[in-house]
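What's in my_file.pdb: PDB, C-alpha atoms
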ATOM      1  CA  MET A  16       4.509  25.269  40.489
ATOM      2  CA  PRO A  17       7.148  23.355  38.464
ATOM      3  CA  GLU A  18      10.442  22.576  40.169
ATOM      4  CA  GLU A  19      13.440  24.322  38.631
ATOM      5  CA  VAL A  20      16.378  22.127  37.599
ATOM      6  CA  GLU A  21      19.823  22.951  36.257
ATOM      7  CA  ILE A  22      19.813  23.166  32.459
ATOM      8  CA  SER A  23      23.264  21.574  32.567
ATOM      9  CA  SER A  24      21.557  18.361  33.761
ATOM     10  CA  LEU A  25      19.763  17.943  30.416
ATOM     11  CA  SER A  26      20.967  15.676  27.587
ATOM     12  CA  PHE A  27      19.899  15.397  23.942
ATOM     13  CA  GLY A  28      20.138  11.602  24.258
ATOM     14  CA  GLY A  29      22.220  11.359  21.086
ATOM     15  CA  ASP A  30      23.567  13.449  18.221
ATOM     16  CA  PRO A  31      21.621  16.761  18.271
ATOM     17  CA  THR A  32      22.342  17.331  14.560
ATOM     18  CA  LYS A  33      20.109  14.348  13.819
ATOM     19  CA  LEU A  34      17.112  15.608  15.801
ATOM     20  CA  PRO A  35      14.147  16.878  13.762
ATOM     21  CA  THR A  36      13.225  20.545  13.908
ATOM     22  CA  THR A  37       9.594  19.947  13.013
ATOM     23  CA  LYS A  38       6.989  17.407  14.048
ATOM     24  CA  GLN A  39       6.588  15.822  10.637
ATOM     25  CA  LEU A  40       5.384  12.252  10.408
ATOM     26  CA  PRO A  41       8.324   9.850  10.010
ATOM     27  CA  ILE A  42       8.888   8.364   6.555
ATOM     28  CA  GLY A  43       8.101   4.676   6.130
ATOM     29  CA  ASP A  44       5.443   2.299   7.453
ATOM     30  CA  ILE A  45       3.966   3.457  10.755
ATOM     31  CA  ILE A  46       0.857   2.852  12.862
ATOM     32  CA  VAL A  47      -1.320   5.792  13.803
ATOM     33  CA  THR A  48      -4.414   6.316  15.920
ATOM     34  CA  ILE A  49      -7.187   8.201  14.152
ATOM     35  CA  LYS A  50      -8.050  11.231  16.317
ATOM     36  CA  SER A  51     -10.728  13.085  14.361
ATOM     37  CA  PHE A  52     -12.441  13.793  11.060
ATOM     38  CA  LYS A  53     -13.987  16.974   9.721
ATOM     39  CA  ALA A  54     -15.635  17.923   6.450
ATOM     40  CA  ILE A  55     -14.228  20.970   4.654
ATOM     41  CA  LYS A  56     -14.810  22.801   1.366
ATOM     42  CA  SER A  57     -12.399  24.483  -1.014
ATOM     43  CA  LYS A  58     -12.820  28.198  -1.666
ATOM     44  CA  PRO A  59     -15.988  29.142  -3.585
ATOM     45  CA  THR A  60     -16.011  29.515  -7.355
ATOM     46  CA  ASP A  61     -16.249  33.318  -7.169
ATOM     47  CA  GLU A  62     -12.897  33.380  -5.348
ATOM     48  CA  LEU A  63     -11.098  31.386  -8.062
ATOM     49  CA  SER A  64      -8.872  33.210 -10.508
ATOM     50  CA  ASP A  65     -10.188  34.087 -13.957
ATOM     51  CA  GLN A  66      -7.755  31.539 -15.411
ATOM     52  CA  GLU A  67      -9.057  28.785 -13.103
ATOM     53  CA  ARG A  68     -12.694  29.543 -13.945
ATOM     54  CA  ALA A  69     -11.882  29.736 -17.692
ATOM     55  CA  SER A  70     -10.343  26.255 -17.513
ATOM     56  CA  GLY A  71     -13.623  24.870 -16.096
ATOM     57  CA  LYS A  72     -12.605  24.658 -12.446
ATOM     58  CA  VAL A  73     -15.298  25.129  -9.824
ATOM     59  CA  GLY A  74     -14.995  25.891  -6.137
ATOM     60  CA  GLY A  75     -16.770  24.538  -3.093
ATOM     61  CA  LYS A  76     -15.348  21.025  -3.467
ATOM     62  CA  VAL A  77     -15.928  18.895  -0.379
ATOM     63  CA  ALA A  78     -13.181  16.984   1.362
ATOM     64  CA  VAL A  79     -12.773  14.960   4.525
ATOM     65  CA  GLU A  80      -9.803  15.848   6.696
ATOM     66  CA  MET A  81      -8.456  13.159   9.038
ATOM     67  CA  GLN A  82      -6.134  13.924  11.944
ATOM     68  CA  VAL A  83      -3.922  11.118  13.267
ATOM     69  CA  ALA A  84      -1.361  10.640  16.041
ATOM     70  CA  VAL A  85       1.593   8.287  15.694
ATOM     71  CA  SER A  86       1.291   5.159  17.870
ATOM     72  CA  GLN A  87       4.298   3.204  16.556
ATOM     73  CA  PRO A  88       7.260   3.461  16.445
ATOM     74  CA  GLU A  89       7.457   4.508  20.088
ATOM     75  CA  ARG A  90      10.063   7.246  19.558
ATOM     76  CA  PHE A  91       7.601   9.166  17.350
ATOM     77  CA  LYS A  92       4.525   8.463  19.529
ATOM     78  CA  GLY A  93       2.125  11.383  19.745
ATOM     79  CA  ILE A  94       3.307  13.307  16.671
ATOM     80  CA  LEU A  95       0.232  14.567  14.853
ATOM     81  CA  GLY A  96      -0.379  14.356  11.127
ATOM     82  CA  ARG A  97      -3.196  15.115   8.747
ATOM     83  CA  LYS A  98      -4.555  13.638   5.540
ATOM     84  CA  THR A  99      -7.086  15.459   3.366
ATOM     85  CA  PHE A 100      -9.267  13.283   1.155
ATOM     86  CA  TRP A 101     -10.618  15.433  -1.705
ATOM     87  CA  ILE A 102     -13.893  13.788  -2.757
ATOM     88  CA  GLY A 103     -15.710  16.534  -4.674
ATOM     89  CA  ASP A 104     -14.475  17.419  -8.161
ATOM     90  CA  ASP A 105     -15.278  19.891 -10.932
ATOM     91  CA  SER A 106     -18.239  17.826 -12.178
ATOM     92  CA  ASP A 107     -19.668  17.122  -8.696
ATOM     93  CA  PRO A 108     -18.189  19.508  -6.103
ATOM     94  CA  GLU A 109     -20.605  18.392  -3.361
ATOM     95  CA  ALA A 110     -19.793  14.682  -3.959
ATOM     96  CA  LYS A 111     -23.453  13.697  -4.193
ATOM     97  CA  ASN A 112     -23.023  10.989  -6.842
ATOM     98  CA  LYS A 113     -21.835   7.409  -6.390
ATOM     99  CA  GLY A 114     -19.466   7.772  -9.345
ATOM    100  CA  THR A 115     -17.682  10.667  -7.653
ATOM    101  CA  TRP A 116     -17.048   8.495  -4.583
ATOM    102  CA  GLU A 117     -15.891   5.643  -6.834
ATOM    103  CA  ARG A 118     -13.363   7.968  -8.530
ATOM    104  CA  ASN A 119     -12.217  10.057  -5.591
ATOM    105  CA  GLY A 120     -13.143   8.256  -2.376
ATOM    106  CA  THR A 121     -10.836   5.247  -2.619
ATOM    107  CA  ASP A 122      -8.198   6.504  -0.173
ATOM    108  CA  LEU A 123     -10.780   7.385   2.490
ATOM    109  CA  MET A 124     -12.497   4.029   2.027
ATOM    110  CA  ALA A 125      -9.132   2.243   2.344
ATOM    111  CA  ALA A 126      -8.401   4.115   5.589
ATOM    112  CA  LEU A 127     -11.793   3.114   7.010
ATOM    113  CA  LYS A 128     -11.430  -0.515   5.881
ATOM    114  CA  HIS A 129      -7.941  -0.965   7.325
ATOM    115  CA  ALA A 130      -9.041   0.730  10.573
ATOM    116  CA  GLY A 131     -11.589  -2.071  10.923
ATOM    117  CA  VAL A 132     -14.741  -0.013  10.333
ATOM    118  CA  GLY A 133     -17.683  -2.236   9.444
ATOM    119  CA  LEU A 134     -19.875  -0.756   6.719
ATOM    120  CA  THR A 135     -23.409  -1.604   5.657
ATOM    121  CA  PRO A 136     -25.305  -0.415   2.548
ATOM    122  CA  SER A 137     -26.964   2.300   4.675
ATOM    123  CA  THR A 138     -23.845   3.585   6.499
ATOM    124  CA  LYS A 139     -23.436   7.359   6.192
ATOM    125  CA  PRO A 140     -19.970   8.981   5.849
ATOM    126  CA  ALA A 141     -20.328  10.673   9.257
ATOM    127  CA  GLU A 142     -21.132   7.323  10.907
ATOM    128  CA  ALA A 143     -18.181   5.579   9.269
ATOM    129  CA  CYS A 144     -15.789   8.359  10.276
ATOM    130  CA  ALA A 145     -17.111   8.405  13.848
ATOM    131  CA  ALA A 146     -16.575   4.626  14.093
ATOM    132  CA  ALA A 147     -12.946   5.056  12.983
ATOM    133  CA  VAL A 148     -12.010   7.576  15.699
ATOM    134  CA  GLU A 149      -9.548   6.053  18.212
ATOM    135  CA  GLN A 150      -8.957   3.074  15.908
ATOM    136  CA  GLN A 151      -5.467   2.268  14.692
ATOM    137  CA  VAL A 152      -4.453   2.031  11.047
ATOM    138  CA  GLY A 153      -1.140   1.504   9.306
ATOM    139  CA  ILE A 154       0.013   4.185   6.900
ATOM    140  CA  HIS A 155       2.859   4.412   4.437
ATOM    141  CA  THR A 156       4.404   7.877   4.332
ATOM    142  CA  TYR A 157       6.818   9.286   1.769
ATOM    143  CA  LEU A 158       8.624  12.508   0.986
ATOM    144  CA  LYS A 159       6.938  14.591  -1.699
ATOM    145  CA  GLY A 160       9.441  16.914  -3.365
ATOM    146  CA  GLU A 161       9.199  20.604  -4.089
ATOM    147  CA  LYS A 162       6.865  21.657  -6.864
ATOM    148  CA  PRO A 163       6.170  24.981  -8.562
ATOM    149  CA  ASN A 164       3.400  27.128  -7.116
ATOM    150  CA  PRO A 165       1.244  28.504  -9.967
ATOM    151  CA  LYS A 166       1.065  31.800  -8.059
ATOM    152  CA  GLY A 167       4.854  32.089  -7.869
ATOM    153  CA  GLY A 168       7.636  30.429  -5.918
ATOM    154  CA  VAL A 169       7.566  26.764  -4.954
ATOM    155  CA  TYR A 170       5.705  24.530  -2.551
ATOM    156  CA  ALA A 171       8.244  23.130  -0.058
ATOM    157  CA  ALA A 172       8.947  19.394   0.142
ATOM    158  CA  ARG A 173       6.786  17.648   2.751
ATOM    159  CA  VAL A 174       5.913  14.268   4.202
ATOM    160  CA  GLU A 175       2.726  12.846   2.672
ATOM    161  CA  VAL A 176       0.442   9.966   3.618
ATOM    162  CA  GLY A 177       0.460   7.433   0.782
ATOM    163  CA  SER A 178      -1.363   4.173   1.344
ATOM    164  CA  PHE A 179      -3.135   2.468   4.254
ATOM    165  CA  TRP A 180      -2.723  -1.024   5.708
ATOM    166  CA  LYS A 181      -4.148  -3.123   8.518
ATOM    167  CA  PRO A 182      -1.936  -3.249  11.635
ATOM    168  CA  GLY A 183      -0.327  -6.671  11.970
ATOM    169  CA  THR A 184      -0.021  -7.248   8.220
ATOM    170  CA  ARG A 185       3.203  -5.289   7.731
ATOM    171  CA  GLU A 186       6.282  -4.533   9.808
ATOM    172  CA  VAL A 187       6.581  -1.035  11.242
ATOM    173  CA  LYS A 188       9.710   0.492   9.654
ATOM    174  CA  VAL A 189      10.976   4.035   9.296
ATOM    175  CA  GLN A 190      13.843   5.558   7.396
ATOM    176  CA  ASP A 191      16.638   6.893   9.584
ATOM    177  CA  ASP A 192      19.749   9.039   9.460
ATOM    178  CA  ALA A 193      19.395  10.819   6.121
ATOM    179  CA  ARG A 194      17.614  14.154   6.436
ATOM    180  CA  VAL A 195      16.134  16.742   4.130
ATOM    181  CA  GLU A 196      15.451  20.432   4.499
ATOM    182  CA  ILE A 197      11.723  21.155   4.403
ATOM    183  CA  GLY A 198      11.322  24.905   4.316
ATOM    184  CA  ASP A 199      13.071  26.091   7.464
ATOM    185  CA  SER A 200      12.932  22.674   9.134
ATOM    186  CA  VAL A 201      14.437  19.216   8.841
ATOM    187  CA  ALA A 202      12.654  15.876   8.449
ATOM    188  CA  VAL A 203      13.824  12.283   8.197
ATOM    189  CA  ALA A 204      14.294  11.429   4.520
ATOM    190  CA  PRO A 205      15.045   8.396   2.336
ATOM    191  CA  ASN A 206      18.603   7.068   2.391
ATOM    192  CA  THR A 207      20.611   4.361   0.703
ATOM    193  CA  GLU A 208      20.734   2.247   3.848
ATOM    194  CA  GLY A 209      17.099   1.242   3.465
ATOM    195  CA  LEU A 210      14.612   0.838   6.261
ATOM    196  CA  SER A 211      15.252   0.123   9.921
ATOM    197  CA  ALA A 212      12.867  -1.832  12.126
ATOM    198  CA  ALA A 213      10.887   0.167  14.641
ATOM    199  CA  ASP A 214      11.711   0.354  18.335
TER     200      ASP A 214
END

Would you put the structure from the file into structure tokens?
Amino acid sequence: MPEEVEISSLSFGGDPTKLPTTKQLPIGDIIVTIKSFKAIKSKPTDELSDQERASGKVGGKVAVEMQVAVSQPERFKGILGRKTFWIGDDSDPEAKNKGTWERNGTDLMAALKHAGVGLTPSTKPAEACAAAVEQQVGIHTYLKGEKPNPKGGVYAARVEVGSFWKPGTREVKVQDDARVEIGDSVAVAPNTEGLSAAD
């Protein structure tokens, strides 16, 4: 059974107004450990709106979802994030053709490459993803602003994974101090002071 302590003995360790209220990935250049991959599909064509179907959109597009945990900087260690790589498109929802992977698979391939996954001409996507689990990769994250939701309202601003890099080729840096409201939460956001080196 846990030992009870006086709540008055706790400290925020700094200014509590600058503490995040959500576990968003920090903004900047960070190193993450790849935790898992899974394949997903968008909703089927028969669940699309009439307008979407009339414009030529199809459902059932395949994607690969990657979950990561921050490794560096230390103060953000363990925060989980996710990146969805949409591979299938309207002309090839199942991503069966090489051209579809050439158009839409570049971000996933960059993640695998910079995580040190060795590929051969016969490597299957599942094998490559399995080899990347527990490997580290550098990622650049940025704040993506609000945008209109076609079904009404707006999509809230959020932290997105941009590009990938090999650990050791770039300095780990995150943006500090400035903050932005993301829905009902707060995340670290770009500021005019620039980037600060990681802990």

(request) Just say which residues the PyMOL selection byres ((chain A and resi 153-162) around 10) picks in this file, as a count of residues only. (result) 50

(message) Can you measure atom CA of A:Asp105 to atom CA of A:Arg118 for me? One decimal in Å is fine.
(response)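 Going from atom CA of A:Asp105 over to atom CA of A:Arg118, I get 12.3 Å.
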
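Shown here are all protein and nucleic acid residues lying within 10 Å of (4.3, 19.0, 16.8), with all atoms listed in the file considered: Thr36, Thr37, Lys38, Gln39, Leu40, Gly93, Ile94, Leu95 and Gly96 of chain A.
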
(request) Go ahead and compute the interatomic distance for atom CA of A:Phe27 and atom CA of A:Arg97, in Å to one decimal. (result) 27.6 Å

Which residues of stretch 74-116 of chain A come within 12 Å of stretch 136-148 of chain A, and for each one, what is the closest pair of atoms and their distance in Å to one decimal, counting all atoms listed in the file, sorted by chain and residue number, as JSON lines?
{"residue": "A:Ala78", "atom": "CA", "partner": "A:Pro140", "partner_atom": "CA", "distance": 11.4}
{"residue": "A:Val79", "atom": "CA", "partner": "A:Cys144", "partner_atom": "CA", "distance": 9.3}
{"residue": "A:Glu80", "atom": "CA", "partner": "A:Cys144", "partner_atom": "CA", "distance": 10.2}
{"residue": "A:Met81", "atom": "CA", "partner": "A:Cys144", "partner_atom": "CA", "distance": 8.9}
{"residue": "A:Gln82", "atom": "CA", "partner": "A:Val148", "partner_atom": "CA", "distance": 9.4}
{"residue": "A:Val83", "atom": "CA", "partner": "A:Val148", "partner_atom": "CA", "distance": 9.2}
{"residue": "A:Ala84", "atom": "CA", "partner": "A:Val148", "partner_atom": "CA", "distance": 11.1}
{"residue": "A:Ile102", "atom": "CA", "partner": "A:Pro140", "partner_atom": "CA", "distance": 11.6}
{"residue": "A:Ala110", "atom": "CA", "partner": "A:Pro140", "partner_atom": "CA", "distance": 11.3}
{"residue": "A:Lys111", "atom": "CA", "partner": "A:Pro140", "partner_atom": "CA", "distance": 11.6}
{"residue": "A:Trp116", "atom": "CA", "partner": "A:Pro140", "partner_atom": "CA", "distance": 10.8}

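Comparing A:Lys113, A:Glu21, A:Lys166, A:Asp107 by their smallest distance to A:Ser64, the closest is A:Lys166 (using all atoms listed in the file).
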
Axis-aligned box for stretch 18-30 of chain A, 5 Å per side, centre and edges in Å as JSON:
{"center_x": 17.0, "center_y": 17.8, "center_z": 29.2, "size_x": 23.1, "size_y": 23.0, "size_z": 31.9}

For A:Ser106: contacts at 12 Å, all atoms listed in the file, fewer than 6 positions along chain excluded, given as a CSV table (one decimal) with C-alpha atoms, in the coordinates of the input:
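out_0.csv was written with the following content:
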chain,number,residue,atom,x,y,z
A,71,GLY,CA,-13.6,24.9,-16.1
A,72,LYS,CA,-12.6,24.7,-12.4
A,73,VAL,CA,-15.3,25.1,-9.8
A,74,GLY,CA,-15.0,25.9,-6.1
A,75,GLY,CA,-16.8,24.5,-3.1
A,76,LYS,CA,-15.3,21.0,-3.5
A,112,ASN,CA,-23.0,11.0,-6.8
A,114,GLY,CA,-19.5,7.8,-9.3
A,115,THR,CA,-17.7,10.7,-7.7
A,118,ARG,CA,-13.4,8.0,-8.5
A,119,ASN,CA,-12.2,10.1,-5.6

(message) What does the structure give for the distance between atom CA of A:Leu63 and atom CA of A:Pro108, in Å to one decimal?
(response) 14.0 Å

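Compared by their closest atoms to A:Gly103, and using all atoms listed in the file, the residues A:Val132, A:Ala125, A:Ile55, A:Ile22 rank with A:Ile55 nearest.
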
(message) Measuring between all atoms listed in the file, which one of A:Val77, A:Leu123, A:Met16, A:Ala69 shows the shortest distance to A:Glu109?
(response) A:Val77

(message) My list of candidates is A:Pro31, A:Asp104, A:Glu149, A:Asp65. Which is closest to A:Gly120 when distances are computed with all atoms listed in the file?
(response) A:Asp104
